[in-house]
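**Student:** So that you have it, the file is start14.cif, and it contains mmCIF, C-alpha atoms:
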```cif
data_structure
#
loop_
_atom_site.label_atom_id
_atom_site.label_comp_id
_atom_site.auth_asym_id
_atom_site.auth_seq_id
_atom_site.Cartn_x
_atom_site.Cartn_y
_atom_site.Cartn_z
CA MET A 1200 17.63 17.69 10.14
CA THR A 1201 16.49 19.39 7.00
CA SER A 1202 16.51 23.03 6.11
CA ARG A 1203 13.85 23.75 3.57
CA THR A 1204 12.92 27.03 2.03
CA GLY A 1205 9.93 27.74 -0.13
CA PRO A 1206 7.62 30.63 -0.81
CA GLY A 1207 7.61 32.30 2.59
CA LEU A 1208 8.83 29.14 4.30
CA THR A 1209 12.10 28.37 6.06
CA LEU A 1210 12.14 25.34 8.34
CA MET A 1211 15.04 23.96 10.33
CA THR A 1212 12.97 21.08 11.66
CA THR A 1213 12.52 17.58 10.29
CA VAL A 1214 8.88 16.93 9.42
CA THR A 1215 7.73 13.35 9.93
CA CYS A 1216 4.47 11.56 9.43
CA ASP A 1217 3.72 8.20 11.05
CA LEU A 1218 0.62 6.48 9.74
CA THR A 1219 -0.80 3.01 10.11
CA VAL A 1220 -2.38 1.91 6.84
CA SER A 1221 -4.13 -1.18 5.59
CA VAL A 1222 -2.53 -3.06 2.68
CA ASP A 1223 -5.06 -1.33 0.44
CA GLY A 1224 -3.93 2.06 1.68
CA PHE A 1225 -6.59 3.25 4.12
CA VAL A 1226 -5.81 4.92 7.46
CA ALA A 1227 -9.41 4.36 8.59
CA GLY A 1228 -12.25 2.17 7.38
CA PRO A 1229 -15.52 3.36 5.86
CA ARG A 1230 -18.23 5.21 7.82
CA GLN A 1231 -16.19 6.82 10.62
CA SER A 1232 -18.30 7.96 13.57
CA LEU A 1233 -17.85 8.76 17.24
CA ASP A 1234 -18.89 5.17 17.95
CA GLU A 1235 -16.43 3.80 15.42
CA PRO A 1236 -13.81 6.55 15.11
CA LEU A 1237 -11.60 4.46 12.83
CA GLY A 1238 -14.51 3.33 10.68
CA GLU A 1239 -15.71 -0.20 10.03
CA GLY A 1240 -12.87 -2.63 10.65
CA GLY A 1241 -10.43 0.19 11.32
CA GLU A 1242 -9.81 -0.66 15.00
CA ARG A 1243 -7.81 -3.64 13.83
CA LEU A 1244 -5.29 -1.36 12.11
CA HIS A 1245 -3.80 -0.49 15.50
CA ARG A 1246 -3.68 -3.96 17.02
CA TRP A 1247 0.12 -3.80 16.75
CA ILE A 1248 0.21 -0.78 19.08
CA PHE A 1249 -1.90 -2.36 21.81
CA ASP A 1250 -0.19 -5.75 21.60
CA PRO A 1251 3.32 -5.05 20.28
CA GLN A 1252 5.35 -7.99 18.97
CA GLY A 1253 9.05 -8.28 18.20
CA GLU A 1254 10.48 -4.87 17.41
CA ASP A 1255 7.11 -3.09 17.49
CA GLN A 1256 7.79 -1.53 20.91
CA ALA A 1257 11.04 0.03 19.69
CA VAL A 1258 9.15 1.47 16.72
CA ILE A 1259 6.49 2.90 19.05
CA ASP A 1260 9.16 4.45 21.27
CA ALA A 1261 10.86 6.11 18.29
CA TRP A 1262 7.48 7.38 17.06
CA GLN A 1263 6.60 8.90 20.43
CA GLN A 1264 9.97 10.25 21.51
CA ALA A 1265 11.11 12.17 18.42
CA PRO A 1266 8.46 14.89 18.09
CA GLY A 1267 8.69 18.24 19.83
CA ALA A 1268 5.37 19.38 18.40
CA TYR A 1269 2.48 18.03 16.34
CA VAL A 1270 0.14 19.23 13.62
CA MET A 1271 -3.28 17.64 13.28
CA GLY A 1272 -6.46 18.18 11.32
CA ARG A 1273 -9.67 19.47 12.80
CA ASN A 1274 -11.37 16.06 12.85
CA MET A 1275 -8.40 14.48 14.56
CA PHE A 1276 -8.87 16.95 17.40
CA ALA A 1277 -12.65 17.09 17.57
CA GLY A 1278 -13.49 13.52 16.68
CA PRO A 1279 -14.91 12.16 13.42
CA GLY A 1280 -18.32 12.94 12.07
CA PRO A 1281 -20.28 16.12 12.67
CA GLY A 1282 -19.53 15.83 16.39
CA PRO A 1283 -19.46 18.64 18.93
CA TRP A 1284 -17.47 21.67 17.85
CA ASP A 1285 -17.87 24.61 20.16
CA LEU A 1286 -15.63 26.41 22.57
CA ALA A 1287 -16.61 24.09 25.41
CA TRP A 1288 -15.46 20.98 23.52
CA ARG A 1289 -12.05 19.86 24.73
CA GLY A 1290 -11.49 17.32 21.97
CA TRP A 1291 -12.05 13.61 22.20
CA TRP A 1292 -8.65 12.61 23.61
CA GLY A 1293 -9.65 12.97 27.26
CA GLU A 1294 -7.94 15.27 29.74
CA ASP A 1295 -4.48 13.70 29.26
CA PRO A 1296 -3.98 13.31 25.51
CA PRO A 1297 -1.11 11.06 24.38
CA TYR A 1298 0.92 13.92 22.83
CA HIS A 1299 2.62 15.60 25.80
CA HIS A 1300 3.76 18.47 23.56
CA PRO A 1301 2.18 21.40 21.71
CA VAL A 1302 -0.35 20.29 19.09
CA VAL A 1303 -1.25 22.77 16.36
CA VAL A 1304 -4.77 22.07 15.14
CA LEU A 1305 -5.78 23.19 11.63
CA SER A 1306 -8.99 25.09 12.10
CA HIS A 1307 -11.31 27.54 10.42
CA HIS A 1308 -12.23 29.07 13.79
CA PRO A 1309 -9.91 31.10 16.03
CA ARG A 1310 -9.83 29.85 19.58
CA ALA A 1311 -7.67 30.30 22.69
CA ASP A 1312 -5.06 27.67 23.49
CA LEU A 1313 -6.40 24.66 25.32
CA VAL A 1314 -4.03 23.44 28.02
CA MET A 1315 -4.53 19.80 28.89
CA ASP A 1316 -2.87 17.54 31.46
CA GLY A 1317 0.47 15.89 30.80
CA GLY A 1318 2.06 18.60 28.69
CA THR A 1319 -0.35 18.65 25.75
CA THR A 1320 -1.56 22.08 24.62
CA PHE A 1321 -3.90 22.35 21.66
CA MET A 1322 -3.34 25.53 19.64
CA PHE A 1323 -5.70 26.50 16.86
CA GLU A 1324 -4.27 27.82 13.63
CA THR A 1325 -6.50 29.38 11.00
CA GLY A 1326 -3.74 30.39 8.59
CA GLY A 1327 -3.51 27.11 6.65
CA ILE A 1328 -1.03 24.24 6.49
CA VAL A 1329 2.15 26.30 5.99
CA ALA A 1330 1.36 28.62 8.89
CA ALA A 1331 0.57 25.60 11.09
CA LEU A 1332 3.86 23.95 10.17
CA GLU A 1333 5.87 27.11 10.86
CA ARG A 1334 4.19 27.50 14.20
CA ALA A 1335 4.81 23.88 15.18
CA SER A 1336 8.41 24.16 14.00
CA ALA A 1337 8.98 27.16 16.25
CA LEU A 1338 7.57 25.17 19.17
CA ALA A 1339 9.41 21.90 18.51
CA GLY A 1340 12.76 22.80 20.02
CA ALA A 1341 15.27 20.08 19.15
CA GLY A 1342 12.46 17.67 18.30
CA THR A 1343 10.76 16.89 15.02
CA VAL A 1344 7.37 18.12 13.90
CA ALA A 1345 5.02 15.18 13.46
CA ILE A 1346 2.01 15.39 11.17
CA ALA A 1347 -0.45 13.41 13.27
CA GLY A 1348 -3.20 13.00 10.67
CA GLY A 1349 -5.81 12.29 9.61
CA ALA A 1350 -5.49 11.17 6.02
CA SER A 1351 -6.69 14.44 4.52
CA THR A 1352 -4.19 16.46 6.54
CA ALA A 1353 -1.34 14.06 5.73
CA ASN A 1354 -2.27 14.17 2.04
CA GLN A 1355 -2.22 17.96 2.01
CA TYR A 1356 1.28 18.05 3.50
CA LEU A 1357 2.51 15.30 1.17
CA ALA A 1358 1.04 17.05 -1.88
CA ALA A 1359 2.78 20.28 -0.85
CA GLY A 1360 6.13 18.48 -0.53
CA LEU A 1361 6.40 19.43 3.14
CA VAL A 1362 7.06 15.98 4.64
CA ASP A 1363 10.68 14.82 5.04
CA GLU A 1364 10.03 11.33 6.36
CA LEU A 1365 6.99 9.13 5.94
CA HIS A 1366 6.84 6.19 8.35
CA LEU A 1367 4.26 3.69 7.18
CA HIS A 1368 3.05 0.93 9.47
CA ILE A 1369 1.33 -1.47 7.09
CA ALA A 1370 -1.30 -3.59 8.85
CA PRO A 1371 -2.15 -6.95 7.31
CA LEU A 1372 -5.75 -6.35 6.39
CA VAL A 1373 -7.79 -5.19 3.44
CA LEU A 1374 -10.33 -2.57 4.56
CA GLY A 1375 -12.05 -2.17 1.19
CA GLY A 1376 -12.86 1.50 1.69
CA GLY A 1377 -12.36 4.50 3.96
CA ALA A 1378 -9.92 7.39 4.25
CA ARG A 1379 -7.22 6.86 1.66
CA LEU A 1380 -3.60 7.86 2.11
CA PHE A 1381 -1.99 9.45 -1.00
CA GLU A 1382 -5.34 10.59 -2.43
CA GLY A 1383 -4.55 13.57 -4.64
CA VAL A 1384 -0.85 13.53 -3.75
CA GLY A 1385 0.35 12.91 -7.32
CA PRO A 1386 3.50 11.26 -8.70
CA ARG A 1387 6.58 11.37 -6.54
CA ASP A 1388 9.64 9.30 -5.57
CA LEU A 1389 10.51 7.98 -2.14
CA VAL A 1390 13.60 6.31 -0.73
CA PRO A 1391 13.11 3.42 1.69
CA THR A 1392 15.53 3.78 4.58
CA GLN A 1393 14.36 1.12 7.04
CA VAL A 1394 12.17 -1.97 6.90
CA ILE A 1395 11.07 -3.94 9.96
CA GLY A 1396 8.56 -6.76 9.97
CA SER A 1397 6.67 -8.20 12.92
CA ARG A 1398 3.73 -10.54 13.32
CA ASP A 1399 1.07 -7.87 12.92
CA VAL A 1400 2.63 -5.07 10.91
CA THR A 1401 5.33 -4.09 8.44
CA HIS A 1402 7.18 -0.87 9.28
CA VAL A 1403 8.71 0.99 6.32
CA ARG A 1404 10.45 4.33 6.67
CA TYR A 1405 10.68 6.50 3.57
CA ARG A 1406 12.64 9.64 2.94
CA LEU A 1407 10.86 11.92 0.51
CA THR A 1408 12.90 13.43 -2.28
CA MET B 131 0.56 -26.95 -0.19
CA THR B 132 -3.10 -26.25 0.30
CA SER B 133 -6.06 -28.38 -0.51
CA ARG B 134 -9.10 -26.24 -1.06
CA THR B 135 -12.58 -27.28 -1.96
CA GLY B 136 -15.43 -25.08 -2.96
CA PRO B 137 -18.44 -25.30 -5.22
CA GLY B 138 -17.09 -27.55 -7.94
CA LEU B 139 -13.49 -26.83 -6.96
CA THR B 140 -10.81 -29.06 -5.48
CA LEU B 141 -7.25 -27.85 -5.72
CA MET B 142 -4.12 -29.53 -4.40
CA THR B 143 -1.92 -26.71 -5.61
CA THR B 144 -0.73 -23.60 -3.83
CA VAL B 145 -1.93 -20.47 -5.61
CA THR B 146 0.44 -17.51 -5.45
CA CYS B 147 0.33 -14.00 -6.79
CA ASP B 148 3.46 -11.86 -7.10
CA LEU B 149 2.79 -8.22 -7.85
CA THR B 150 4.92 -5.12 -7.85
CA VAL B 151 2.89 -2.17 -6.56
CA SER B 152 3.52 1.49 -5.90
CA VAL B 153 3.17 2.73 -2.30
CA ASP B 154 -0.24 4.04 -3.33
CA GLY B 155 -1.29 0.59 -4.52
CA PHE B 156 -1.09 0.65 -8.30
CA VAL B 157 0.39 -2.17 -10.40
CA ALA B 158 0.54 0.15 -13.42
CA GLY B 159 0.31 3.89 -13.91
CA PRO B 160 -2.45 5.78 -15.70
CA ARG B 161 -3.03 5.60 -19.48
CA GLN B 162 -1.54 2.20 -20.33
CA SER B 163 -0.80 1.76 -24.03
CA LEU B 164 1.39 -0.40 -26.26
CA ASP B 165 3.94 2.43 -26.14
CA GLU B 166 3.74 2.65 -22.35
CA PRO B 167 2.48 -0.80 -21.31
CA LEU B 168 2.85 0.00 -17.61
CA GLY B 169 1.24 3.43 -17.95
CA GLU B 170 2.76 6.78 -17.12
CA GLY B 171 5.58 6.34 -14.63
CA GLY B 172 4.89 2.61 -14.34
CA GLU B 173 8.20 1.46 -15.85
CA ARG B 174 9.90 2.56 -12.65
CA LEU B 175 7.90 0.02 -10.66
CA HIS B 176 10.12 -2.75 -12.00
CA ARG B 177 13.50 -1.06 -11.62
CA TRP B 178 14.28 -3.55 -8.84
CA ILE B 179 13.97 -6.46 -11.29
CA PHE B 180 16.33 -5.00 -13.89
CA ASP B 181 18.88 -3.79 -11.34
CA PRO B 182 18.48 -6.08 -8.32
CA GLN B 183 20.06 -4.98 -5.03
CA GLY B 184 20.75 -6.92 -1.84
CA GLU B 185 18.35 -9.85 -1.59
CA ASP B 186 16.30 -8.84 -4.63
CA GLN B 187 17.88 -11.55 -6.82
CA ALA B 188 16.93 -14.28 -4.34
CA VAL B 189 13.36 -12.94 -4.36
CA ILE B 190 13.33 -12.97 -8.17
CA ASP B 191 14.61 -16.56 -8.22
CA ALA B 192 11.91 -17.71 -5.79
CA TRP B 193 9.27 -15.91 -7.86
CA GLN B 194 10.40 -17.56 -11.09
CA GLN B 195 11.24 -21.04 -9.87
CA ALA B 196 8.14 -21.97 -7.88
CA PRO B 197 5.38 -21.93 -10.51
CA GLY B 198 4.49 -24.94 -12.60
CA ALA B 199 1.79 -23.01 -14.48
CA TYR B 200 0.42 -19.48 -14.75
CA VAL B 201 -2.94 -17.80 -15.16
CA MET B 202 -3.12 -14.38 -16.78
CA GLY B 203 -5.71 -11.95 -18.01
CA ARG B 204 -6.40 -11.25 -21.64
CA ASN B 205 -4.63 -7.88 -21.63
CA MET B 206 -1.57 -9.38 -20.02
CA PHE B 207 -1.31 -11.75 -22.99
CA ALA B 208 -2.36 -9.44 -25.80
CA GLY B 209 -0.89 -6.19 -24.55
CA PRO B 210 -2.68 -3.19 -23.07
CA GLY B 211 -5.09 -0.99 -24.91
CA PRO B 212 -7.30 -2.03 -27.79
CA GLY B 213 -4.27 -3.68 -29.44
CA PRO B 214 -4.31 -6.52 -31.98
CA TRP B 215 -6.47 -9.46 -31.03
CA ASP B 216 -6.89 -11.96 -33.78
CA LEU B 217 -5.74 -15.52 -34.33
CA ALA B 218 -2.50 -14.34 -35.90
CA TRP B 219 -1.49 -12.32 -32.82
CA ARG B 220 1.07 -14.24 -30.77
CA GLY B 221 0.93 -11.93 -27.77
CA TRP B 222 3.35 -9.17 -26.96
CA TRP B 223 5.94 -11.22 -25.09
CA GLY B 224 8.01 -12.12 -28.17
CA GLU B 225 8.73 -15.68 -29.31
CA ASP B 226 10.38 -16.71 -26.01
CA PRO B 227 8.14 -15.42 -23.21
CA PRO B 228 9.61 -15.39 -19.69
CA TYR B 229 7.22 -18.06 -18.36
CA HIS B 230 8.70 -21.37 -19.59
CA HIS B 231 5.56 -23.20 -18.45
CA PRO B 232 1.91 -23.47 -19.46
CA VAL B 233 0.09 -20.15 -19.24
CA VAL B 234 -3.71 -20.25 -19.08
CA VAL B 235 -5.10 -17.03 -20.56
CA LEU B 236 -8.58 -15.86 -19.51
CA SER B 237 -10.39 -15.20 -22.75
CA HIS B 238 -13.82 -14.73 -24.24
CA HIS B 239 -12.71 -16.35 -27.50
CA PRO B 240 -11.80 -20.01 -27.95
CA ARG B 241 -8.46 -20.49 -29.62
CA ALA B 242 -5.98 -23.32 -30.18
CA ASP B 243 -2.95 -23.58 -27.89
CA LEU B 244 -0.08 -21.34 -28.89
CA VAL B 245 3.28 -23.06 -28.44
CA MET B 246 6.13 -20.60 -28.00
CA ASP B 247 9.88 -21.13 -27.61
CA GLY B 248 11.43 -21.95 -24.26
CA GLY B 249 8.61 -24.02 -22.82
CA THR B 250 5.83 -21.42 -22.72
CA THR B 251 2.48 -22.54 -24.12
CA PHE B 252 -0.44 -20.11 -24.05
CA MET B 253 -3.78 -21.89 -23.55
CA PHE B 254 -7.03 -19.99 -23.85
CA GLU B 255 -9.78 -20.65 -21.33
CA THR B 256 -13.28 -19.28 -21.86
CA GLY B 257 -14.85 -20.91 -18.79
CA GLY B 258 -13.99 -18.17 -16.27
CA ILE B 259 -11.55 -17.82 -13.39
CA VAL B 260 -12.34 -21.09 -11.59
CA ALA B 261 -12.03 -23.16 -14.78
CA ALA B 262 -8.76 -21.41 -15.59
CA LEU B 263 -7.40 -22.14 -12.12
CA GLU B 264 -8.40 -25.80 -12.26
CA ARG B 265 -6.79 -26.16 -15.65
CA ALA B 266 -3.56 -24.50 -14.50
CA SER B 267 -3.57 -26.61 -11.35
CA ALA B 268 -3.78 -29.79 -13.40
CA LEU B 269 -0.81 -28.60 -15.47
CA ALA B 270 1.37 -27.37 -12.61
CA GLY B 271 2.80 -30.71 -11.51
CA ALA B 272 4.66 -30.22 -8.24
CA GLY B 273 4.83 -26.46 -8.82
CA THR B 274 2.56 -23.66 -7.72
CA VAL B 275 0.01 -21.88 -9.85
CA ALA B 276 0.97 -18.22 -10.17
CA ILE B 277 -1.62 -15.57 -10.95
CA ALA B 278 0.46 -13.40 -13.27
CA GLY B 279 -1.87 -10.39 -13.46
CA GLY B 280 -2.88 -7.82 -14.37
CA ALA B 281 -4.62 -6.02 -11.54
CA SER B 282 -8.14 -6.88 -12.64
CA THR B 283 -7.33 -10.59 -12.86
CA ALA B 284 -5.53 -10.56 -9.50
CA ASN B 285 -8.45 -8.70 -7.90
CA GLN B 286 -10.94 -11.26 -9.23
CA TYR B 287 -8.97 -14.13 -7.71
CA LEU B 288 -8.46 -12.27 -4.42
CA ALA B 289 -12.15 -11.39 -4.21
CA ALA B 290 -13.05 -15.04 -4.78
CA GLY B 291 -10.71 -16.15 -1.98
CA LEU B 292 -8.68 -18.27 -4.37
CA VAL B 293 -5.19 -16.94 -3.60
CA ASP B 294 -3.13 -18.67 -0.89
CA GLU B 295 -0.10 -16.38 -0.90
CA LEU B 296 0.20 -12.79 -1.99
CA HIS B 297 3.74 -11.59 -2.52
CA LEU B 298 3.84 -7.82 -2.72
CA HIS B 299 6.90 -6.01 -3.98
CA ILE B 300 6.31 -2.42 -2.88
CA ALA B 301 8.21 0.06 -5.04
CA PRO B 302 9.07 3.43 -3.48
CA LEU B 303 7.01 5.70 -5.67
CA VAL B 304 3.61 7.32 -5.70
CA LEU B 305 1.97 6.84 -9.12
CA GLY B 306 -1.13 8.88 -8.40
CA GLY B 307 -3.40 6.78 -10.61
CA GLY B 308 -3.64 3.65 -12.73
CA ALA B 309 -4.62 0.02 -12.21
CA ARG B 310 -5.35 -0.46 -8.54
CA LEU B 311 -4.67 -3.66 -6.61
CA PHE B 312 -7.44 -4.67 -4.14
CA GLU B 313 -10.12 -2.71 -6.03
CA GLY B 314 -13.40 -4.44 -5.20
CA VAL B 315 -11.73 -7.14 -3.12
CA GLY B 316 -13.48 -6.21 0.14
CA PRO B 317 -12.50 -6.69 3.78
CA ARG B 318 -10.16 -9.53 4.59
CA ASP B 319 -7.27 -10.49 6.87
CA LEU B 320 -3.76 -11.41 5.85
CA VAL B 321 -0.81 -12.83 7.74
CA PRO B 322 2.64 -11.45 6.97
CA THR B 323 5.12 -14.32 6.76
CA GLN B 324 8.26 -12.65 5.38
CA VAL B 325 9.56 -9.10 5.04
CA ILE B 326 12.70 -8.17 3.09
CA GLY B 327 13.84 -4.64 2.32
CA SER B 328 16.31 -3.53 -0.30
CA ARG B 329 17.31 -0.18 -1.79
CA ASP B 330 14.53 -0.08 -4.36
CA VAL B 331 11.72 -2.26 -3.01
CA THR B 332 10.09 -3.78 0.04
CA HIS B 333 9.10 -7.43 -0.32
CA VAL B 334 6.24 -8.60 1.90
CA ARG B 335 4.80 -12.11 1.71
CA TYR B 336 1.27 -12.59 2.99
CA ARG B 337 -0.68 -15.75 3.63
CA LEU B 338 -4.37 -15.21 3.06
CA THR B 339 -6.74 -16.56 5.66
#
```
Rewrite the structure from the file as structure tokens, please.

**Tutor:**
Amino acid sequence: MTSRTGPGLTLMTTVTCDLTVSVDGFVAGPRQSLDEPLGEGGERLHRWIFDPQGEDQAVIDAWQQAPGAYVMGRNMFAGPGPGPWDLAWRGWWGEDPPYHHPVVVLSHHPRADLVMDGGTTFMFETGGIVAALERASALAGAGTVAIAGGASTANQYLAAGLVDELHLHIAPLVLGGGARLFEGVGPRDLVPTQVIGSRDVTHVRYRLT
Amino acid sequence: MTSRTGPGLTLMTTVTCDLTVSVDGFVAGPRQSLDEPLGEGGERLHRWIFDPQGEDQAVIDAWQQAPGAYVMGRNMFAGPGPGPWDLAWRGWWGEDPPYHHPVVVLSHHPRADLVMDGGTTFMFETGGIVAALERASALAGAGTVAIAGGASTANQYLAAGLVDELHLHIAPLVLGGGARLFEGVGPRDLVPTQVIGSRDVTHVRYRLT
């Protein structure tokens, strides 16, 4: 567990970010839409999750069991593209989203908490990425805070130096375009702490310095 | 060993490409020059070669021992930047380059073979990437043909579907800019065949389909 202080920021929670990327560094293919939420070719990124091989299931379990709260971007809640975005819209995860914990959604619009089935509550934070992280940290209990994406949200947290552990799941495909991880993040060093390979994916854990 | 035929192309040689890349996909940092041939921050990409850890040395040995001939781009021979490029220029690798085999250099200018110490001979091919590959293949004997780089040359061969095995050595740093692997390559599938992690690098071998 990391204690980190910054301008107005004291966290006692480890901040993680699990992302599946193509070998050319995209977390989604080009032209994301509600029909193709992961963009052209992007569905195949997550093949390893739906048909785990070798140690993939253990990696999935670790990914899902560690967080006590999540932070996600607006599009990750509402769905890609212009999409519906009004107070009646309950997100595109269905009534039982796969989070089962509080999820702080970065938003420009204040909104009451949205309690879903299965333990997921979406909370809307208009104060920016630091405020969202502090709020999630206060909600996480003994768990980690997981930055759930998408790429733009992950890049903002990485650029601000607010991620302790980046867990990349590198899928064996070239997407050729889309939402790029590390865009605008700038030079920085990482420390690989774990490498696991399976048939469909290479898992690399990095600690950020 | 792969036999591949295409328009005017029959190869009985396996074509490999070993590249060290940053986690954000660059084989060199921004602003390459003769003073900083790997661009800003790019020297650190190759730390694992100069101070091998764990299984790194075995990976280096496999990388160096398999090829019977190389193909490289013009800048990889002459040095980055505008640099010297006349018939007196013997490249920037010194008199005993680390190849020890024939090296076919993609060039727009015909030039006589350049015999160096230690078994390296630079040969200049003006007929394009397929002609260069055929020539290297004929020279490789029982060895592989290795595409030695840089990024633009590797991307041309990848885009043309002429690489059998891509060996990525993923260094744990974000460069934030530079020469990008996979630029313009377009959608394609790969098959991971080997994953090895060490302190400073993650080695992933891919077979291209």

**Student:** Run through the PyMOL selection byres ((chain B) within 12 of (chain A)) on the given coordinates and return the selected residues as a ChimeraX atom specification.

**Tutor:** /B:151-156,159-160,170-172,174-175,285,288-289,296-308,310-339

**Student:** Give as a PyMOL selection string the residues that the PyMOL selection byres ((chain A and resi 1311) around 12) matches when applied to the coordinates above.

**Tutor:** chain A and resi 1285-1287+1289+1303-1304+1306+1308-1310+1312-1314+1320-1325

**Student:** Is there a way to get, as a VMD selection string, all residues within 12 Å of the point (-16.7, 9.0, 13.5) in file coordinates, counting all atoms listed in the file?

**Tutor:** chain A and resid 1227 to 1239 1241 to 1242 1274 to 1283 1291 1377 to 1378

**Student:** With only C-alpha atoms as the atoms that count, which of A:Thr1213, A:Leu1338, A:Ala1331, A:Ile1259 lies nearest to His1245 (chain A)?

**Tutor:**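 Distance minimum relative to His1245 (chain A) lands on A:Ile1259.
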
**Student:** What does the distance from CA of Gly273 (chain B) to CA of Val145 (chain B) come to in Å, to one decimal?

**Tutor:**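 About the pair CA of Gly273 (chain B) and CA of Val145 (chain B): they are 9.6 Å apart.
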
**Student:** Please put the answer as lines of an AutoDock Vina configuration file: centre and edge lengths, in Å with one decimal, of a box along x, y and z that encloses all listed atoms of region 288-293 of chain B plus 5 Å on each side.

**Tutor:**
```
center_x = -9.1
center_y = -14.8
center_z = -3.4
size_x = 17.9
size_y = 16.9
size_z = 12.8
```

**Student:** Expressed in Å to a single decimal, how great is the separation between CA of Ala199 (chain B) and CA of Met142 (chain B)?

**Tutor:**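 These two atoms are separated by 13.4 Å.
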
**Student:** Nearest to Met202 (chain B) among B:Gly291, B:Gly221, B:Gly271, B:Gly249, with distances taken over only C-alpha atoms: which residue is it?

**Tutor:**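 Smallest separation from Met202 (chain B) among the options: B:Gly221.
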
**Student:** Can you pull out every residue within 9 Å of Leu1332 (chain A), counting all atoms listed in the file, but drop anything in the same chain fewer than 3 positions away, and send it as number ranges by chain?

**Tutor:** A: 1210, 1214, 1269-1270, 1303, 1327-1329, 1335-1337, 1344, 1346, 1361
